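The structure file structure.tsv is reproduced below (TSV, C-alpha atoms).
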```tsv
chain	number	residue	atom	x	y	z
A	1	MET	CA	0.00	0.00	0.00
A	2	ASN	CA	1.35	3.44	-0.84
A	3	GLN	CA	0.90	6.84	0.74
A	4	PHE	CA	-2.03	7.71	-1.48
A	5	ASP	CA	-4.18	4.76	-0.49
A	6	ASN	CA	-6.33	4.79	2.61
A	7	THR	CA	-7.86	1.37	2.06
A	8	PRO	CA	-6.44	-1.72	0.40
A	9	ILE	CA	-7.53	-2.41	-3.15
A	10	THR	CA	-8.40	-6.01	-3.75
A	11	PRO	CA	-8.53	-7.77	-7.07
A	12	ALA	CA	-11.88	-8.53	-8.61
A	13	SER	CA	-13.73	-11.57	-7.46
A	14	SER	CA	-15.75	-13.72	-9.80
A	15	ASP	CA	-19.08	-12.69	-8.32
A	16	ARG	CA	-18.41	-8.99	-8.89
A	17	VAL	CA	-17.14	-9.14	-12.45
A	18	PRO	CA	-19.77	-8.14	-14.99
A	19	GLY	CA	-17.80	-9.10	-18.08
A	20	SER	CA	-19.30	-12.56	-18.47
A	21	ALA	CA	-22.77	-10.99	-18.70
A	22	GLY	CA	-21.89	-9.08	-21.85
A	23	TRP	CA	-20.80	-5.65	-22.96
A	24	LEU	CA	-23.75	-3.63	-21.69
A	25	PRO	CA	-23.28	-4.44	-17.98
A	26	VAL	CA	-19.62	-3.44	-18.28
A	27	TRP	CA	-20.56	-0.06	-19.75
A	28	ILE	CA	-23.30	0.51	-17.17
A	29	LYS	CA	-20.99	-0.36	-14.30
A	30	ALA	CA	-18.23	1.88	-15.64
A	31	VAL	CA	-20.43	4.99	-15.79
A	32	THR	CA	-22.70	4.42	-12.78
A	33	GLN	CA	-20.15	3.32	-10.17
A	34	PRO	CA	-17.46	6.04	-10.16
A	35	LYS	CA	-14.88	4.43	-7.88
A	36	GLU	CA	-11.53	2.72	-8.23
A	37	GLN	CA	-12.79	-0.75	-7.38
A	38	THR	CA	-15.16	-0.55	-10.36
A	39	PHE	CA	-12.32	-0.34	-12.85
A	40	ILE	CA	-10.26	-2.92	-11.00
A	41	ASP	CA	-13.18	-5.33	-11.25
A	42	ILE	CA	-13.60	-4.57	-14.95
A	43	THR	CA	-9.95	-4.80	-15.97
A	44	GLU	CA	-9.16	-7.95	-13.94
A	45	HIS	CA	-11.67	-9.99	-15.91
A	46	PRO	CA	-10.21	-12.37	-18.55
A	47	ASP	CA	-12.41	-10.76	-21.21
A	48	ALA	CA	-10.80	-7.36	-20.65
A	49	LEU	CA	-8.80	-7.38	-23.88
A	50	PRO	CA	-7.67	-4.53	-26.16
A	51	LYS	CA	-9.35	-6.29	-29.10
A	52	THR	CA	-12.70	-5.95	-27.37
A	53	ALA	CA	-12.09	-2.27	-26.71
A	54	TYR	CA	-11.19	-1.67	-30.36
A	55	ILE	CA	-14.37	-3.43	-31.51
A	56	TRP	CA	-16.44	-1.25	-29.19
A	57	ILE	CA	-14.88	1.95	-30.46
A	58	PHE	CA	-15.17	0.94	-34.11
A	59	LEU	CA	-18.81	-0.09	-33.91
A	60	VAL	CA	-19.94	2.90	-31.87
A	61	ALA	CA	-17.97	5.42	-33.95
A	62	THR	CA	-19.37	3.92	-37.16
A	63	LEU	CA	-22.91	3.94	-35.80
A	64	SER	CA	-22.53	7.49	-34.54
A	65	MET	CA	-21.34	8.61	-37.97
A	66	ILE	CA	-24.30	6.94	-39.66
A	67	VAL	CA	-26.87	8.40	-37.27
A	68	THR	CA	-25.34	11.87	-37.45
A	69	GLY	CA	-25.17	11.71	-41.23
A	70	LEU	CA	-28.76	10.53	-41.58
A	71	MET	CA	-29.92	13.28	-39.25
A	72	GLN	CA	-28.00	15.85	-41.24
A	73	ALA	CA	-29.51	14.51	-44.46
A	74	ALA	CA	-33.00	14.83	-42.98
A	75	LEU	CA	-32.33	18.40	-41.86
A	76	THR	CA	-30.85	19.28	-45.24
A	77	ALA	CA	-33.87	17.88	-47.02
A	78	ALA	CA	-36.25	19.74	-44.74
A	79	GLY	CA	-34.40	23.03	-45.22
A	80	VAL	CA	-33.97	22.91	-48.99
A	81	SER	CA	-35.44	25.90	-50.76
A	82	GLY	CA	-38.71	25.32	-52.56
A	83	GLN	CA	-36.99	26.33	-55.82
A	84	SER	CA	-35.19	22.98	-55.94
A	85	GLY	CA	-38.42	21.01	-55.88
A	86	PHE	CA	-39.01	17.49	-54.71
A	87	GLU	CA	-36.39	16.02	-57.05
A	88	GLY	CA	-33.76	18.38	-55.66
A	89	VAL	CA	-34.65	17.44	-52.11
A	90	ARG	CA	-34.44	13.75	-52.91
A	91	ALA	CA	-31.09	14.17	-54.70
A	92	VAL	CA	-29.53	16.10	-51.83
A	93	ALA	CA	-30.79	13.69	-49.17
A	94	GLY	CA	-29.85	10.62	-51.20
A	95	GLY	CA	-26.34	11.89	-51.88
A	96	SER	CA	-25.81	12.69	-48.20
A	97	VAL	CA	-27.01	9.26	-47.10
A	98	LEU	CA	-24.79	7.50	-49.65
A	99	ALA	CA	-21.75	9.52	-48.59
A	100	THR	CA	-22.45	8.76	-44.93
A	101	ILE	CA	-22.69	5.01	-45.54
A	102	CYS	CA	-19.42	5.01	-47.49
A	103	ILE	CA	-17.48	7.17	-45.04
A	104	SER	CA	-18.73	5.73	-41.74
A	105	PRO	CA	-16.42	2.64	-41.70
A	106	VAL	CA	-13.44	4.88	-42.42
A	107	ALA	CA	-14.49	7.12	-39.54
A	108	GLY	CA	-14.70	4.04	-37.33
A	109	ILE	CA	-11.18	2.91	-38.25
A	110	LEU	CA	-9.74	6.39	-37.70
A	111	SER	CA	-11.50	6.59	-34.35
A	112	VAL	CA	-9.85	3.33	-33.26
A	113	LEU	CA	-6.41	4.56	-34.35
A	114	PHE	CA	-6.69	7.91	-32.58
A	115	PHE	CA	-8.24	6.29	-29.51
A	116	ALA	CA	-5.43	3.73	-29.25
A	117	LEU	CA	-2.81	6.44	-29.71
A	118	GLY	CA	-4.40	8.67	-27.08
A	119	VAL	CA	-4.58	5.90	-24.48
A	120	ALA	CA	-0.99	4.87	-25.25
A	121	ILE	CA	0.19	8.43	-24.58
A	122	VAL	CA	-1.77	8.57	-21.31
A	123	GLN	CA	-0.31	5.25	-20.14
A	124	TRP	CA	3.20	6.32	-21.14
A	125	ILE	CA	2.88	9.45	-19.00
A	126	ALA	CA	1.42	7.35	-16.18
A	127	LYS	CA	4.53	5.17	-16.33
A	128	LEU	CA	6.69	8.29	-16.00
A	129	PHE	CA	4.71	9.18	-12.87
A	130	GLY	CA	5.40	5.74	-11.38
A	131	GLY	CA	2.28	3.90	-12.53
A	132	THR	CA	2.30	0.13	-12.46
A	133	GLY	CA	-0.57	-0.52	-14.86
A	134	THR	CA	-0.56	-1.75	-18.45
A	135	TYR	CA	-1.87	-0.39	-21.73
A	136	ASP	CA	-4.10	-3.46	-22.23
A	137	LYS	CA	-6.03	-2.79	-19.03
A	138	LEU	CA	-6.23	0.96	-19.46
A	139	VAL	CA	-7.50	0.83	-23.05
A	140	TYR	CA	-10.30	-1.51	-21.96
A	141	ALA	CA	-11.27	0.71	-19.01
A	142	ILE	CA	-11.25	3.92	-21.06
A	143	ALA	CA	-13.27	2.27	-23.84
A	144	ALA	CA	-15.87	1.16	-21.28
A	145	ILE	CA	-16.21	4.85	-20.35
A	146	SER	CA	-16.05	6.39	-23.82
A	147	VAL	CA	-18.59	4.13	-25.54
A	148	PRO	CA	-21.63	4.97	-23.36
A	149	PHE	CA	-20.93	8.70	-23.56
A	150	THR	CA	-20.61	8.47	-27.34
A	151	LEU	CA	-23.98	6.71	-27.51
A	152	ILE	CA	-25.57	9.36	-25.30
A	153	SER	CA	-24.13	12.13	-27.48
A	154	MET	CA	-25.50	10.36	-30.54
A	155	LEU	CA	-28.98	10.27	-29.03
A	156	LEU	CA	-28.79	14.02	-28.35
A	157	VAL	CA	-28.13	14.86	-32.02
A	158	PRO	CA	-31.82	15.33	-32.97
A	159	PHE	CA	-32.37	17.66	-30.02
A	160	ASN	CA	-29.36	19.79	-30.96
A	161	ALA	CA	-31.23	20.90	-34.07
A	162	VAL	CA	-34.15	22.31	-32.07
A	163	PRO	CA	-33.83	26.03	-31.22
A	164	TYR	CA	-33.56	26.79	-27.49
A	165	LEU	CA	-33.63	23.09	-26.67
A	166	ASN	CA	-30.08	22.87	-28.01
A	167	ILE	CA	-29.00	25.15	-25.17
A	168	CYS	CA	-30.18	22.58	-22.64
A	169	THR	CA	-28.54	19.71	-24.52
A	170	GLY	CA	-25.36	21.74	-24.79
A	171	LEU	CA	-25.23	22.30	-21.03
A	172	PHE	CA	-26.06	18.64	-20.46
A	173	GLY	CA	-23.28	17.59	-22.81
A	174	PHE	CA	-20.87	19.95	-21.03
A	175	GLY	CA	-21.69	18.26	-17.71
A	176	LEU	CA	-21.27	14.82	-19.24
A	177	GLY	CA	-17.85	15.86	-20.50
A	178	PHE	CA	-16.68	16.76	-17.00
A	179	TYR	CA	-18.10	13.53	-15.58
A	180	SER	CA	-16.41	11.51	-18.32
A	181	LEU	CA	-13.11	13.24	-17.51
A	182	PHE	CA	-13.49	12.35	-13.83
A	183	LEU	CA	-14.18	8.71	-14.72
A	184	GLN	CA	-11.10	8.59	-16.94
A	185	ILE	CA	-8.92	9.97	-14.14
A	186	THR	CA	-10.41	7.41	-11.76
A	187	ALA	CA	-9.71	4.61	-14.25
A	188	VAL	CA	-6.08	5.72	-14.69
A	189	LYS	CA	-5.65	5.85	-10.91
A	190	ALA	CA	-7.15	2.40	-10.44
A	191	VAL	CA	-5.16	0.74	-13.21
A	192	ASN	CA	-1.83	2.32	-12.25
A	193	ARG	CA	-2.20	2.20	-8.47
A	194	PHE	CA	-1.03	5.72	-7.70
A	195	GLY	CA	-2.46	9.02	-6.43
A	196	TRP	CA	-5.03	11.44	-7.75
A	197	GLY	CA	-2.39	13.99	-8.75
A	198	GLN	CA	-0.52	11.54	-10.95
A	199	ALA	CA	-3.77	10.28	-12.46
A	200	ALA	CA	-5.01	13.78	-13.27
A	201	GLY	CA	-1.63	14.70	-14.72
A	202	SER	CA	-1.58	11.61	-16.92
A	203	VAL	CA	-4.98	12.46	-18.39
A	204	LEU	CA	-4.69	16.25	-18.63
A	205	LEU	CA	-1.05	16.70	-19.58
A	206	PRO	CA	-1.38	15.46	-23.21
A	207	GLY	CA	-4.20	17.91	-23.89
A	208	PHE	CA	-2.27	20.72	-22.23
A	209	VAL	CA	0.81	19.99	-24.33
A	210	ILE	CA	-1.26	19.88	-27.53
A	211	PHE	CA	-2.85	23.21	-26.56
A	212	ILE	CA	0.57	24.79	-25.99
A	213	VAL	CA	1.97	23.42	-29.25
A	214	CYS	CA	-1.05	24.62	-31.25
A	215	GLY	CA	-0.82	28.01	-29.57
A	216	CYS	CA	2.86	28.31	-30.46
A	217	ILE	CA	2.11	27.34	-34.05
A	218	VAL	CA	-0.64	29.97	-34.31
A	219	ILE	CA	1.51	32.67	-32.72
A	220	GLY	CA	4.48	31.75	-34.92
A	221	GLY	CA	2.27	31.85	-38.01
A	222	LEU	CA	0.92	35.27	-37.08
A	223	MET	CA	4.45	36.57	-36.48
A	224	LEU	CA	5.57	35.31	-39.89
A	225	MET	CA	2.49	36.72	-41.60
A	226	GLY	CA	2.62	39.99	-39.66
A	227	PRO	CA	4.65	41.95	-42.25
A	228	MET	CA	2.44	40.69	-45.08
A	229	ILE	CA	-0.73	41.64	-43.21
A	230	GLY	CA	0.79	45.05	-42.43
A	231	ASP	CA	1.58	45.65	-46.11
A	232	VAL	CA	-1.97	44.74	-47.10
A	233	PHE	CA	-3.50	47.16	-44.59
A	234	SER	CA	-1.01	49.83	-45.66
A	235	GLU	CA	-2.03	49.49	-49.31
A	236	ILE	CA	-5.71	49.62	-48.35
A	237	ASN	CA	-5.10	52.75	-46.29
A	238	GLN	CA	-3.23	54.46	-49.12
A	239	SER	CA	-5.93	53.59	-51.63
A	240	LEU	CA	-8.55	55.10	-49.33
A	241	GLN	CA	-6.52	58.30	-48.90
A	242	PHE	CA	-6.06	58.87	-52.61
A	243	ALA	CA	-9.58	57.84	-53.54
A	244	PRO	CA	-11.59	60.75	-55.13
```
Turn the structure described in the file into structure tokens.
Amino acid sequence: MNQFDNTPITPASSDRVPGSAGWLPVWIKAVTQPKEQTFIDITEHPDALPKTAYIWIFLVATLSMIVTGLMQAALTAAGVSGQSGFEGVRAVAGGSVLATICISPVAGILSVLFFALGVAIVQWIAKLFGGTGTYDKLVYAIAAISVPFTLISMLLVPFNAVPYLNICTGLFGFGLGFYSLFLQITAVKAVNRFGWGQAAGSVLLPGFVIFIVCGCIVIGGLMLMGPMIGDVFSEINQSLQFAP
């Protein structure tokens, strides 16, 4: 036991592991029981494999892309100007649906790649902080968190198109984002057996670094383009002064 633990953490027992009951109980347990023991129970099960996590992410990302695309097609069709006529509406909606069906598997594959990379970076940082966990366990735990929240966000898509109601769904989604972040930190802490500070740093540091890098790129680009922008405004100013 280390200095960050007040109570011993025991491995999962067979009667507490939900994995044998299927995917849904794992997702429900991950999002409704926000404590370390939850993710220890989940990740200690023999079915807690990276392959399973990748399948979850691929299927849910693909489904989310299809639902979002179909919803967008319906909104596009409903908002088409009357000048296009029924044939125009049908062409726009049909083209959008076809594009969605073709692109959705690609979106699913890309989601798996970026998800795997993100979790690998988090676990690498956790190792630097003294974590004792493994990538295989962490990727399963994070997937069990991410999938339900992706499904909830997908169900909120129709409501986001409704004026005023989208404000409520936006606030609800904002709250879900914070709760998802807390669950991810809890999962990292449980898998790596260290303190809250190390867990929060492992999850937040990659995003902070990306933010800093993007900020430096933007600032550097503005500095390089500064003289060009200045010349453009100078020419505009001169043209205005000499205009009749």
Point to revise | Nearest to Ile66 of chain A by atom-to-atom distance, counting all atoms listed in the file, from A:Val26, A:Val31, A:Ala107, A:Leu171 | key: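 Among A:Val26, A:Val31, A:Ala107, A:Leu171, it is A:Ala107 that comes nearest to Ile66 of chain A.
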**Study point:** Residue with smallest distance to Leu155 of chain A - pool A:Ala61, A:Val67, A:Val112, A:Ala126, counting all atoms listed in the file
**Key:**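 Selected residue with least distance to Leu155 of chain A: A:Val67.
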**Study point:** Closest of A:Phe129, A:Phe115, A:Phe182, A:Phe172 to Ile57 of chain A - atom-to-atom distances counting only C-alpha atoms
**Key:**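 Answer, going by the shortest atom-to-atom distance: A:Phe115.
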Point to revise | Residue among A:Leu181, A:Pro158, A:Ile167, A:Tyr135 lying closest to Leu117 of chain A, counting only C-alpha atoms | key: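 Looking only at the distances to Leu117 of chain A, the closest residue turns out to be A:Tyr135.
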Check your understanding: Pick from A:Ala143, A:Gly130, A:Gly173, A:Gly201: nearest to Lys51 of chain A, with all atoms listed in the file counted?
Key ->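 Looking at the shortest contact to Lys51 of chain A, the residue is A:Ala143.
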**Study point:** Option closest in space to Ile185 of chain A, from A:Ile145, A:Leu165, A:Leu151, A:Ile217 [counting all atoms listed in the file]
**Key:**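 Comparing A:Ile145, A:Leu165, A:Leu151, A:Ile217 against Ile185 of chain A, the winner is A:Ile145.
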Review point. Which distance in Å separates atom CA of Asp47 of chain A and atom CA of Thr134 of chain A, to one decimal?
Key: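 Separation between atom CA of Asp47 of chain A and atom CA of Thr134 of chain A: 15.1 Å.
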Exercise for review: Can you pull out every residue within 12 Å of Thr169 of chain A, counting all atoms listed in the file, but drop anything in the same chain fewer than 3 positions away, and send it as a ChimeraX atom specification?
Suggested key: /A:152-166,172-176
For the selection you just gave me, I'd like the residues written to a file as a PDB file, in the coordinates of the input, keeping C-alpha atoms.
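part_4.pdb, freshly written:
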```pdb
ATOM      1  CA  ILE A 152     -25.570   9.360 -25.300  1.00  0.00           C
ATOM      2  CA  SER A 153     -24.130  12.130 -27.480  1.00  0.00           C
ATOM      3  CA  MET A 154     -25.500  10.360 -30.540  1.00  0.00           C
ATOM      4  CA  LEU A 155     -28.980  10.270 -29.030  1.00  0.00           C
ATOM      5  CA  LEU A 156     -28.790  14.020 -28.350  1.00  0.00           C
ATOM      6  CA  VAL A 157     -28.130  14.860 -32.020  1.00  0.00           C
ATOM      7  CA  PRO A 158     -31.820  15.330 -32.970  1.00  0.00           C
ATOM      8  CA  PHE A 159     -32.370  17.660 -30.020  1.00  0.00           C
ATOM      9  CA  ASN A 160     -29.360  19.790 -30.960  1.00  0.00           C
ATOM     10  CA  ALA A 161     -31.230  20.900 -34.070  1.00  0.00           C
ATOM     11  CA  VAL A 162     -34.150  22.310 -32.070  1.00  0.00           C
ATOM     12  CA  PRO A 163     -33.830  26.030 -31.220  1.00  0.00           C
ATOM     13  CA  TYR A 164     -33.560  26.790 -27.490  1.00  0.00           C
ATOM     14  CA  LEU A 165     -33.630  23.090 -26.670  1.00  0.00           C
ATOM     15  CA  ASN A 166     -30.080  22.870 -28.010  1.00  0.00           C
ATOM     16  CA  PHE A 172     -26.060  18.640 -20.460  1.00  0.00           C
ATOM     17  CA  GLY A 173     -23.280  17.590 -22.810  1.00  0.00           C
ATOM     18  CA  PHE A 174     -20.870  19.950 -21.030  1.00  0.00           C
ATOM     19  CA  GLY A 175     -21.690  18.260 -17.710  1.00  0.00           C
ATOM     20  CA  LEU A 176     -21.270  14.820 -19.240  1.00  0.00           C
TER      21      LEU A 176
END
```
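In this structure, atom CA of Leu204 of chain A sits 20.9 Å away from atom CA of Pro148 of chain A.
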Review point. Neighbours of Ile101 of chain A within 10 Å (all atoms listed in the file; same-chain residues fewer than 4 positions away dropped), as a VMD selection string?
Key: chain A and resid 62 to 63 65 to 67 69 to 70 96 to 97 105 to 106
Next, write the just-selected residues to a file, as a PDB file, in the frame of the given file, keeping C-alpha atoms as the atom set.
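Output below, filename result.pdb:
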```pdb
ATOM      1  CA  THR A  62     -19.370   3.920 -37.160  1.00  0.00           C
ATOM      2  CA  LEU A  63     -22.910   3.940 -35.800  1.00  0.00           C
ATOM      3  CA  MET A  65     -21.340   8.610 -37.970  1.00  0.00           C
ATOM      4  CA  ILE A  66     -24.300   6.940 -39.660  1.00  0.00           C
ATOM      5  CA  VAL A  67     -26.870   8.400 -37.270  1.00  0.00           C
ATOM      6  CA  GLY A  69     -25.170  11.710 -41.230  1.00  0.00           C
ATOM      7  CA  LEU A  70     -28.760  10.530 -41.580  1.00  0.00           C
ATOM      8  CA  SER A  96     -25.810  12.690 -48.200  1.00  0.00           C
ATOM      9  CA  VAL A  97     -27.010   9.260 -47.100  1.00  0.00           C
ATOM     10  CA  PRO A 105     -16.420   2.640 -41.700  1.00  0.00           C
ATOM     11  CA  VAL A 106     -13.440   4.880 -42.420  1.00  0.00           C
TER      12      VAL A 106
END
```
Review point. When you draw a straight line from atom CA of Ile55 of chain A to atom CA of Ile210 of chain A, how long is it in Å?
Key: 27.0 Å
Exercise for review: Kindly extract all protein, DNA and RNA residues lying within 12 Å of the coordinates (-3.9, 3.7, -30.2) given in the file, considering all atoms listed in the file, and supply them as a list of chain:residue names.
Suggested key: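 Every residue inside that radius is included here: A:Pro50, A:Lys51, A:Ala53, A:Tyr54, A:Ile57, A:Ile109, A:Leu110, A:Ser111, A:Val112, A:Leu113, A:Phe114, A:Phe115, A:Ala116, A:Leu117, A:Gly118, A:Val119, A:Ala120, A:Ile121, A:Val122, A:Gln123, A:Trp124, A:Tyr135, A:Asp136, A:Leu138, A:Val139, A:Tyr140, A:Ile142, A:Ala143.
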Point to revise | Residues within 6 Å of segment 190-192 of chain A, all atoms listed in the file, excluding chain neighbours under 5 positions, as a ChimeraX atom specification | key: /A:36,131-133
